[in-house]
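S.K.: Input file: protein26.pdb. Contents: PDB, C-alpha atoms.
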```pdb
MODEL        1
ATOM      1  CA  MET A 591     -40.185 133.500 -26.919
ATOM      2  CA  ASP A 592     -37.342 131.717 -28.691
ATOM      3  CA  ILE A 593     -35.734 134.475 -30.781
ATOM      4  CA  ALA A 594     -32.878 133.904 -33.224
ATOM      5  CA  LEU A 595     -30.772 136.895 -34.288
ATOM      6  CA  GLU A 596     -29.039 137.162 -37.674
ATOM      7  CA  TRP A 597     -26.231 139.657 -38.385
ATOM      8  CA  ASP A 598     -25.617 140.743 -41.978
ATOM      9  CA  GLN A 599     -23.446 143.540 -43.351
ATOM     10  CA  HIS A 600     -24.634 143.371 -46.957
ATOM     11  CA  PRO A 601     -25.910 146.841 -48.016
ATOM     12  CA  GLY A 602     -29.119 145.392 -49.477
ATOM     13  CA  THR A 603     -30.212 143.492 -46.368
ATOM     14  CA  GLY A 604     -32.722 146.092 -45.164
ATOM     15  CA  LEU A 605     -34.494 146.107 -48.511
ATOM     16  CA  ARG A 606     -34.420 142.313 -48.659
ATOM     17  CA  LEU A 607     -36.120 142.061 -45.266
ATOM     18  CA  ALA A 608     -38.741 144.634 -46.248
ATOM     19  CA  ASN A 609     -39.439 142.663 -49.434
ATOM     20  CA  GLU A 610     -39.751 139.460 -47.411
ATOM     21  CA  LEU A 611     -42.328 141.076 -45.131
ATOM     22  CA  ALA A 612     -44.136 142.605 -48.118
ATOM     23  CA  GLY A 613     -44.425 139.195 -49.749
ATOM     24  CA  ARG A 614     -45.793 137.630 -46.567
ATOM     25  CA  THR A 615     -48.372 140.345 -45.869
ATOM     26  CA  GLY A 616     -49.291 141.455 -49.380
ATOM     27  CA  LEU A 617     -48.332 145.072 -48.631
ATOM     28  CA  PRO A 618     -46.076 146.303 -51.465
ATOM     29  CA  LEU A 619     -45.728 149.683 -49.725
ATOM     30  CA  LEU A 620     -43.241 148.012 -47.405
ATOM     31  CA  GLU A 621     -40.735 148.012 -50.234
ATOM     32  CA  ASP A 622     -41.081 151.773 -50.661
ATOM     33  CA  ILE A 623     -40.648 152.648 -46.999
ATOM     34  CA  SER A 624     -37.757 150.291 -46.366
ATOM     35  CA  VAL A 625     -35.357 151.741 -43.814
ATOM     36  CA  ALA A 626     -32.567 150.930 -46.267
ATOM     37  CA  ASP A 627     -32.483 154.522 -47.516
ATOM     38  CA  GLY A 628     -28.716 154.638 -47.850
ATOM     39  CA  THR A 629     -25.711 152.412 -47.407
ATOM     40  CA  ALA A 630     -22.768 154.772 -46.976
ATOM     41  CA  ASP A 631     -23.119 154.835 -43.171
ATOM     42  CA  LEU A 632     -24.482 151.312 -42.728
ATOM     43  CA  VAL A 633     -22.580 149.145 -40.237
ATOM     44  CA  GLY A 634     -24.876 146.128 -40.382
ATOM     45  CA  VAL A 635     -28.396 144.793 -40.012
ATOM     46  CA  ILE A 636     -29.744 142.509 -37.280
ATOM     47  CA  ALA A 637     -32.833 140.433 -38.069
ATOM     48  CA  ALA A 638     -34.948 138.766 -35.388
ATOM     49  CA  ARG A 639     -36.814 135.545 -36.189
ATOM     50  CA  GLY A 640     -39.135 133.319 -34.220
ATOM     51  CA  GLY A 641     -39.848 129.895 -35.638
ATOM     52  CA  GLY A 642     -38.275 131.077 -38.877
ATOM     53  CA  GLU A 643     -40.720 133.975 -39.219
ATOM     54  CA  LEU A 644     -39.351 137.524 -39.496
ATOM     55  CA  LEU A 645     -40.300 139.391 -36.310
ATOM     56  CA  GLY A 646     -38.345 142.570 -36.935
ATOM     57  CA  TRP A 647     -34.950 144.030 -37.653
ATOM     58  CA  ALA A 648     -32.595 146.841 -36.704
ATOM     59  CA  GLU A 649     -30.116 148.783 -38.808
ATOM     60  CA  LEU A 650     -26.907 149.858 -37.097
ATOM     61  CA  ARG A 651     -25.456 153.024 -38.623
ATOM     62  CA  ASP A 652     -22.434 155.248 -38.137
ATOM     63  CA  ALA A 653     -23.524 158.588 -36.661
ATOM     64  CA  GLY A 654     -20.026 160.123 -36.596
ATOM     65  CA  LEU A 655     -17.810 161.228 -33.720
ATOM     66  CA  GLY A 656     -17.591 157.717 -32.314
ATOM     67  CA  GLU A 657     -21.352 157.329 -32.073
ATOM     68  CA  ALA A 658     -23.671 154.753 -33.633
ATOM     69  CA  TRP A 659     -27.393 154.934 -34.344
ATOM     70  CA  VAL A 660     -29.959 152.149 -34.283
ATOM     71  CA  GLN A 661     -33.699 151.945 -34.758
ATOM     72  CA  ALA A 662     -35.493 148.656 -34.251
ATOM     73  CA  VAL A 663     -38.454 147.828 -36.487
ATOM     74  CA  SER A 664     -41.231 145.540 -35.273
ATOM     75  CA  ALA A 665     -42.719 143.730 -38.262
ATOM     76  CA  GLN A 666     -46.127 143.438 -36.631
ATOM     77  CA  ARG A 667     -46.244 147.124 -35.647
ATOM     78  CA  LEU A 668     -45.023 148.237 -39.065
ATOM     79  CA  VAL A 669     -47.743 146.241 -40.842
ATOM     80  CA  HIS A 670     -50.387 147.520 -38.436
ATOM     81  CA  SER A 671     -49.248 151.117 -39.000
ATOM     82  CA  LEU A 672     -49.595 150.692 -42.749
ATOM     83  CA  ASN A 673     -53.075 149.255 -42.353
ATOM     84  CA  LEU A 674     -54.039 152.134 -40.051
ATOM     85  CA  GLY A 675     -52.502 154.744 -42.333
ATOM     86  CA  ARG A 676     -50.696 156.277 -39.352
ATOM     87  CA  ALA A 677     -48.304 155.381 -36.571
ATOM     88  CA  ASP A 678     -49.430 152.531 -34.349
ATOM     89  CA  GLU A 679     -49.313 153.997 -30.839
ATOM     90  CA  SER A 680     -50.757 150.964 -29.055
ATOM     91  CA  ALA A 681     -49.024 149.512 -26.008
ATOM     92  CA  PRO A 682     -46.477 146.821 -26.906
ATOM     93  CA  GLN A 683     -47.103 143.179 -26.134
ATOM     94  CA  PRO A 684     -44.475 141.411 -23.978
ATOM     95  CA  ALA A 685     -43.188 139.415 -26.971
ATOM     96  CA  GLU A 686     -42.649 142.586 -29.012
ATOM     97  CA  THR A 687     -40.879 144.299 -26.125
ATOM     98  CA  GLU A 688     -38.604 141.294 -25.675
ATOM     99  CA  MET A 689     -37.771 141.244 -29.383
ATOM    100  CA  VAL A 690     -36.940 144.975 -29.540
ATOM    101  CA  CYS A 691     -34.847 144.711 -26.369
ATOM    102  CA  ARG A 692     -32.917 141.804 -27.869
ATOM    103  CA  LEU A 693     -32.322 143.701 -31.122
ATOM    104  CA  THR A 694     -31.170 146.836 -29.290
ATOM    105  CA  ALA A 695     -28.890 144.891 -26.955
ATOM    106  CA  GLU A 696     -27.318 143.082 -29.911
ATOM    107  CA  ALA A 697     -26.842 146.414 -31.698
ATOM    108  CA  ALA A 698     -25.077 147.707 -28.585
ATOM    109  CA  ARG A 699     -22.797 144.666 -28.539
ATOM    110  CA  ARG A 700     -21.953 145.002 -32.226
ATOM    111  CA  ALA A 701     -21.328 148.733 -31.913
ATOM    112  CA  ASP A 702     -19.136 148.178 -28.869
ATOM    113  CA  THR A 703     -17.113 145.559 -30.756
ATOM    114  CA  ALA A 704     -16.729 147.982 -33.677
ATOM    115  CA  GLY A 705     -15.216 150.592 -31.365
ATOM    116  CA  TYR A 706     -18.156 152.969 -30.917
ATOM    117  CA  LYS A 707     -18.537 154.696 -27.564
ATOM    118  CA  VAL A 708     -22.214 155.671 -27.674
ATOM    119  CA  LEU A 709     -25.339 154.096 -29.143
ATOM    120  CA  ARG A 710     -28.348 156.318 -29.820
ATOM    121  CA  TRP A 711     -31.979 155.676 -30.767
ATOM    122  CA  GLN A 712     -35.434 157.240 -30.542
ATOM    123  CA  GLY A 713     -38.816 156.050 -29.308
ATOM    124  CA  THR A 714     -41.693 156.659 -26.940
ATOM    125  CA  ASP A 715     -41.524 155.917 -23.243
ATOM    126  CA  ILE A 716     -44.642 153.754 -23.677
ATOM    127  CA  GLY A 717     -43.348 151.920 -26.763
ATOM    128  CA  PRO A 718     -40.916 149.022 -27.169
ATOM    129  CA  SER A 719     -37.926 151.309 -27.847
ATOM    130  CA  GLY A 720     -38.563 153.134 -24.579
ATOM    131  CA  ARG A 721     -38.863 149.832 -22.751
ATOM    132  CA  ALA A 722     -35.531 148.778 -24.281
ATOM    133  CA  ALA A 723     -33.965 151.994 -23.004
ATOM    134  CA  ALA A 724     -35.166 151.250 -19.476
ATOM    135  CA  GLU A 725     -33.957 147.646 -19.593
ATOM    136  CA  LEU A 726     -30.516 148.509 -20.979
ATOM    137  CA  GLY A 727     -30.007 151.531 -18.733
ATOM    138  CA  ALA A 728     -29.922 154.128 -21.514
ATOM    139  CA  ARG A 729     -30.174 157.810 -20.654
ATOM    140  CA  ARG A 730     -33.011 159.995 -21.914
ATOM    141  CA  VAL A 731     -31.249 162.872 -23.655
ATOM    142  CA  GLU A 732     -34.151 164.960 -24.904
ATOM    143  CA  GLU A 733     -37.918 164.871 -25.244
ATOM    144  CA  TYR A 734     -38.873 166.048 -28.721
ATOM    145  CA  ALA A 735     -42.584 165.248 -29.085
ATOM    146  CA  ARG A 736     -45.625 164.095 -27.140
ATOM    147  CA  LEU A 737     -48.760 162.027 -27.649
ATOM    148  CA  TRP A 738     -51.897 163.544 -26.120
ATOM    149  CA  GLU A 739     -55.154 161.768 -25.335
ATOM    150  CA  LEU A 740     -58.752 162.814 -24.686
ATOM    151  CA  ASP A 741     -61.581 160.549 -23.531
ATOM    152  CA  LEU A 742     -64.461 161.617 -25.770
ATOM    153  CA  SER A 743     -66.988 159.636 -23.744
ATOM    154  CA  VAL A 744     -66.552 162.060 -20.831
ATOM    155  CA  PRO A 745     -68.526 165.305 -21.247
ATOM    156  CA  PRO A 746     -66.244 168.363 -21.225
ATOM    157  CA  ASP A 747     -66.081 170.252 -17.929
ATOM    158  CA  HIS A 748     -65.161 173.543 -19.550
ATOM    159  CA  VAL A 749     -66.621 176.083 -21.931
ATOM    160  CA  VAL A 750     -64.518 177.308 -24.844
ATOM    161  CA  ALA A 751     -65.988 180.083 -26.954
ATOM    162  CA  ASP A 752     -66.685 179.030 -30.514
ATOM    163  CA  LEU A 753     -65.640 180.756 -33.720
ATOM    164  CA  PRO A 754     -68.871 181.364 -35.643
ATOM    165  CA  GLY A 755     -68.351 181.366 -39.392
ATOM    166  CA  ARG A 756     -64.645 180.531 -39.193
ATOM    167  CA  VAL A 757     -64.625 176.778 -38.569
ATOM    168  CA  ILE A 758     -65.719 174.437 -41.369
ATOM    169  CA  HIS A 759     -65.976 170.654 -40.889
ATOM    170  CA  THR A 760     -65.801 168.352 -43.910
ATOM    171  CA  LEU A 761     -66.342 164.611 -43.612
ATOM    172  CA  ALA A 762     -64.999 162.183 -46.210
ATOM    173  CA  GLU A 763     -64.677 158.420 -46.590
ATOM    174  CA  SER A 764     -61.190 156.952 -46.820
ATOM    175  CA  ASP A 765     -60.406 153.789 -48.787
ATOM    176  CA  GLU A 766     -56.773 153.434 -47.729
ATOM    177  CA  PRO A 767     -57.005 153.069 -44.830
ATOM    178  CA  LEU A 768     -60.676 152.247 -44.440
ATOM    179  CA  GLY A 769     -62.511 154.733 -42.252
ATOM    180  CA  ARG A 770     -63.518 158.333 -42.140
ATOM    181  CA  VAL A 771     -61.499 161.509 -42.421
ATOM    182  CA  LEU A 772     -62.665 164.700 -40.718
ATOM    183  CA  ILE A 773     -61.077 167.815 -42.203
ATOM    184  CA  THR A 774     -61.472 170.988 -40.176
ATOM    185  CA  THR A 775     -60.540 174.290 -41.797
ATOM    186  CA  VAL A 776     -60.119 177.475 -39.796
ATOM    187  CA  LEU A 777     -60.809 180.521 -41.928
ATOM    188  CA  SER A 778     -58.821 183.714 -41.492
ATOM    189  CA  ALA A 779     -60.377 186.624 -39.647
ATOM    190  CA  ARG A 780     -59.326 188.750 -42.602
ATOM    191  CA  THR A 781     -61.763 188.947 -45.475
ATOM    192  CA  GLY A 782     -60.991 188.620 -49.151
ATOM    193  CA  PRO A 783     -60.434 185.883 -51.722
ATOM    194  CA  LEU A 784     -56.668 185.761 -51.119
ATOM    195  CA  SER A 785     -56.905 185.197 -47.377
ATOM    196  CA  PRO A 786     -55.590 181.660 -46.793
ATOM    197  CA  PRO A 787     -56.982 179.402 -44.034
ATOM    198  CA  VAL A 788     -55.341 179.832 -40.657
ATOM    199  CA  ALA A 789     -55.044 176.062 -40.178
ATOM    200  CA  THR A 790     -56.274 172.775 -41.562
ATOM    201  CA  ILE A 791     -56.642 169.848 -39.168
ATOM    202  CA  THR A 792     -57.009 166.323 -40.561
ATOM    203  CA  VAL A 793     -58.470 163.675 -38.264
ATOM    204  CA  PHE A 794     -58.316 159.967 -39.139
ATOM    205  CA  THR A 795     -60.949 157.788 -37.502
ATOM    206  CA  GLY A 796     -61.259 154.037 -37.234
ATOM    207  CA  GLY A 797     -61.356 151.285 -34.664
ATOM    208  CA  GLY A 798     -63.084 153.487 -32.115
ATOM    209  CA  GLU A 799     -60.281 156.062 -32.168
ATOM    210  CA  ALA A 800     -59.493 159.396 -33.788
ATOM    211  CA  TYR A 801     -55.943 160.539 -34.526
ATOM    212  CA  ILE A 802     -54.377 163.877 -35.460
ATOM    213  CA  SER A 803     -50.738 164.282 -36.460
ATOM    214  CA  ALA A 804     -49.668 167.872 -35.799
ATOM    215  CA  GLU A 805     -46.056 167.503 -36.875
ATOM    216  CA  GLU A 806     -43.417 170.159 -37.335
ATOM    217  CA  GLY A 807     -44.723 172.556 -39.935
ATOM    218  CA  PHE A 808     -48.299 172.429 -38.618
ATOM    219  CA  ALA A 809     -49.441 175.782 -39.984
ATOM    220  CA  HIS A 810     -51.254 178.140 -37.649
ATOM    221  CA  ASP A 811     -49.744 181.533 -38.382
ATOM    222  CA  GLU A 812     -52.608 183.520 -36.864
ATOM    223  CA  ALA A 813     -53.526 180.960 -34.238
ATOM    224  CA  ASP A 814     -52.282 181.434 -30.690
ATOM    225  CA  SER A 815     -53.019 178.969 -27.904
ATOM    226  CA  GLU A 816     -56.457 180.474 -27.271
ATOM    227  CA  LEU A 817     -57.539 180.077 -30.896
ATOM    228  CA  LEU A 818     -56.068 176.576 -31.104
ATOM    229  CA  ALA A 819     -57.964 175.588 -27.955
ATOM    230  CA  ARG A 820     -61.210 176.720 -29.560
ATOM    231  CA  VAL A 821     -60.469 174.866 -32.783
ATOM    232  CA  PHE A 822     -59.425 171.555 -31.202
ATOM    233  CA  ASP A 823     -62.380 171.795 -28.846
ATOM    234  CA  ALA A 824     -64.610 172.196 -31.906
ATOM    235  CA  VAL A 825     -62.990 169.120 -33.459
ATOM    236  CA  ALA A 826     -63.633 167.090 -30.285
ATOM    237  CA  GLY A 827     -67.234 168.259 -30.246
ATOM    238  CA  GLU A 828     -67.716 167.320 -33.891
ATOM    239  CA  LEU A 829     -66.271 163.855 -33.240
ATOM    240  CA  ARG A 830     -68.679 163.321 -30.331
ATOM    241  CA  ALA A 831     -71.622 164.303 -32.527
ATOM    242  CA  MET A 832     -70.398 162.379 -35.566
ATOM    243  CA  ASP A 833     -69.931 158.966 -34.001
ATOM    244  CA  PRO A 834     -70.479 158.107 -30.311
ATOM    245  CA  GLN A 835     -68.427 154.927 -30.841
ATOM    246  CA  ILE A 836     -65.266 157.023 -31.223
ATOM    247  CA  GLY A 837     -64.109 156.912 -27.624
ATOM    248  CA  THR A 838     -60.618 158.404 -27.801
ATOM    249  CA  LEU A 839     -58.920 161.310 -29.560
ATOM    250  CA  ARG A 840     -55.124 161.227 -29.778
ATOM    251  CA  VAL A 841     -52.915 164.070 -30.998
ATOM    252  CA  PHE A 842     -49.242 163.796 -31.941
ATOM    253  CA  GLU A 843     -47.604 167.132 -31.085
ATOM    254  CA  PHE A 844     -44.085 167.989 -32.211
ATOM    255  CA  ASP A 845     -42.313 170.776 -30.288
ATOM    256  CA  ASP A 846     -45.223 173.240 -30.390
ATOM    257  CA  GLN A 847     -45.673 175.261 -27.205
ATOM    258  CA  ALA A 848     -48.856 177.019 -28.372
ATOM    259  CA  LEU A 849     -50.474 173.702 -29.200
ATOM    260  CA  ARG A 850     -49.324 172.160 -25.901
ATOM    261  CA  THR A 851     -51.023 174.965 -24.002
ATOM    262  CA  ALA A 852     -54.177 174.589 -26.080
ATOM    263  CA  LEU A 853     -54.440 170.821 -25.659
ATOM    264  CA  GLY A 854     -53.983 171.090 -21.905
ATOM    265  CA  ARG A 855     -56.658 173.749 -21.756
ATOM    266  CA  ILE A 856     -59.315 171.502 -23.296
ATOM    267  CA  GLY A 857     -58.524 168.652 -20.904
ATOM    268  CA  MET A 858     -56.155 166.507 -22.950
ATOM    269  CA  ARG A 859     -53.382 164.658 -21.111
ATOM    270  CA  ILE A 860     -49.965 163.438 -22.193
ATOM    271  CA  CYS A 861     -50.050 159.652 -22.560
ATOM    272  CA  GLY A 862     -46.674 159.176 -24.264
ATOM    273  CA  ARG A 863     -43.393 161.052 -24.641
ATOM    274  CA  TYR A 864     -41.010 160.720 -27.604
ATOM    275  CA  ASN A 865     -37.389 160.724 -26.496
ATOM    276  CA  ASP A 866     -33.830 160.573 -27.758
ATOM    277  CA  TYR A 867     -31.901 157.885 -25.867
ATOM    278  CA  GLU A 868     -28.181 157.259 -25.519
ATOM    279  CA  LEU A 869     -26.335 154.256 -24.136
ATOM    280  CA  MET A 870     -22.680 154.499 -23.106
ATOM    281  CA  LEU A 871     -21.242 151.395 -24.677
ATOM    282  CA  PRO A 872     -18.547 150.545 -22.103
ATOM    283  CA  LYS A 873     -21.525 149.774 -19.866
ATOM    284  CA  SER A 874     -23.377 147.782 -22.501
ATOM    285  CA  PRO A 875     -24.158 144.123 -21.752
ATOM    286  CA  GLU A 876     -21.790 141.447 -22.953
TER     287      GLU A 876
ENDMDL
END
```
The structure given in the file should be rewritten as structure tokens.
M.R.:
Amino acid sequence: MDIALEWDQHPGTGLRLANELAGRTGLPLLEDISVADGTADLVGVIAARGGGELLGWAELRDAGLGEAWVQAVSAQRLVHSLNLGRADESAPQPAETEMVCRLTAEAARRADTAGYKVLRWQGTDIGPSGRAAAELGARRVEEYARLWELDLSVPPDHVVADLPGRVIHTLAESDEPLGRVLITTVLSARTGPLSPPVATITVFTGGGEAYISAEEGFAHDEADSELLARVFDAVAGELRAMDPQIGTLRVFEFDDQALRTALGRIGMRICGRYNDYELMLPKSPE
């Protein structure tokens, strides 16, 4: 793909690019989630275009102590994520990978020229940012989250005891994004009107997939790995019964050992790892 890169140090460039993409796609939410959330540490913005069309951009920021930070944004993936109502975890196409690699390499060159010694970014090992790390020779510093996957079309080969009277499934229709939402509430073993639920799990379905985001702050005060295994197994069972066309369940897990143990117990596997990457700029490409 013939990609042209544009460098701009104006503090409003990130918002301008988000507005441009919003106007082209009819998604005004792009303006609200623009990565231009501050300008004090902004070094510059790199836009990538193909045939004049905005393919993506990357903001280069000062991270202090001689380090710079960059995060490349794929326009296509960003729009798809907004339409899904969640992160787009699909495998990148070669053109997207090439574009993100070009943006990251240019950010490294600009940071090197500006006197920075290290360039940092985040991404999954299966996503375009992870592919850029491999191509540029960046080091994986830390793994901070994982994406788990379960094939719902395969009957489970295990038996997990249920929780009679404590698990409630509620199904609702979602307009934005279109699809169904399965809300599973785990009631406390304690009785009484003031006993809060142990956990609430929200599953978004659509396109033959189901997705759960169990980010930091996922509340399960009374739930150890055994209880979580029972609950997520109940969710998988409900999804199988609800719609046989839902073939895959994916769970985003953020630094939660109890949940990791539970997901492994019910047969889920890690299909993607979220990493912090660092590139030593004296070794960056010219």
S.K.: Can you report as lines of an AutoDock Vina configuration file the centre and edge lengths in Å, to one decimal, of an axis-aligned box around the listed atoms of region 604-620 of chain A padded with 4 Å on each side?
M.R.:
```
center_x = -41.0
center_y = 143.7
center_z = -48.3
size_x = 24.6
size_y = 20.1
size_z = 14.3
```
S.K.: How would you write, as a PyMOL selection string, the residues chosen by the PyMOL selection byres ((chain A and resi 793) around 12) on this structure?
M.R.: chain A and resi 675-676+759-764+769-775+790-792+794-796+799-804+822+825-826+828-829+836+838-842
S.K.: Name the residues captured by the PyMOL selection byres ((chain A and resi 789) around 8) when it is applied to the shown file; answer as a ChimeraX atom specification.
M.R.: /A:775-777,787-788,790-791,808-811,813
S.K.: Taking the file as I've supplied it (selection: the PyMOL selection byres ((chain A and resi 745) around 12)), which residues are included? Please answer as a compact mmCIF listing (two decimals) with C-alpha atoms, in the frame of the given file.
M.R.:
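Final output, saved to selection_0.txt:
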```
# COMPACT_ATOMS: atom_id res chain seq x y z
CA LEU A 740 -58.75 162.81 -24.69
CA ASP A 741 -61.58 160.55 -23.53
CA LEU A 742 -64.46 161.62 -25.77
CA SER A 743 -66.99 159.64 -23.74
CA VAL A 744 -66.55 162.06 -20.83
CA PRO A 746 -66.24 168.36 -21.22
CA ASP A 747 -66.08 170.25 -17.93
CA HIS A 748 -65.16 173.54 -19.55
CA VAL A 749 -66.62 176.08 -21.93
CA ASP A 823 -62.38 171.80 -28.85
CA ALA A 826 -63.63 167.09 -30.28
CA GLY A 827 -67.23 168.26 -30.25
CA ARG A 830 -68.68 163.32 -30.33
CA ALA A 831 -71.62 164.30 -32.53
CA PRO A 834 -70.48 158.11 -30.31
CA GLY A 837 -64.11 156.91 -27.62
CA ILE A 856 -59.32 171.50 -23.30
CA GLY A 857 -58.52 168.65 -20.90
```
S.K.: What's the 8 Å shell around Leu849 (chain A), counting all atoms listed in the file, without same-chain residues fewer than 6 positions away, as a PyMOL selection string?
M.R.: chain A and resi 815+818-819+843
S.K.: Hey, which bits of region 684-800 of chain A sit within 9 Å of region 629-635 of chain A, and for each residue what's the closest pair of atoms and how far apart in Å (one decimal), counting all atoms listed in the file, rows by chain and increasing number, as JSON lines?
M.R.:
```
{"residue": "A:Ala697", "atom": "CA", "partner": "A:Val635", "partner_atom": "CA", "distance": 8.6}
{"residue": "A:Arg700", "atom": "CA", "partner": "A:Gly634", "partner_atom": "CA", "distance": 8.7}
{"residue": "A:Ala701", "atom": "CA", "partner": "A:Val633", "partner_atom": "CA", "distance": 8.4}
{"residue": "A:Ala704", "atom": "CA", "partner": "A:Val633", "partner_atom": "CA", "distance": 8.9}
```
S.K.: Can those selected residues be exported to a file as a compact mmCIF listing (two decimals), in the frame of the given file so that it contains C-alpha atoms?
M.R.:
```
# COMPACT_ATOMS: atom_id res chain seq x y z
CA ALA A 697 -26.84 146.41 -31.70
CA ARG A 700 -21.95 145.00 -32.23
CA ALA A 701 -21.33 148.73 -31.91
CA ALA A 704 -16.73 147.98 -33.68
```
S.K.: For a test of reading the model, state the distance in Å between CA of Thr687 (chain A) and CA of Ser719 (chain A), rounded to one decimal.
M.R.: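 Between these atoms lies a distance of 7.8 Å.
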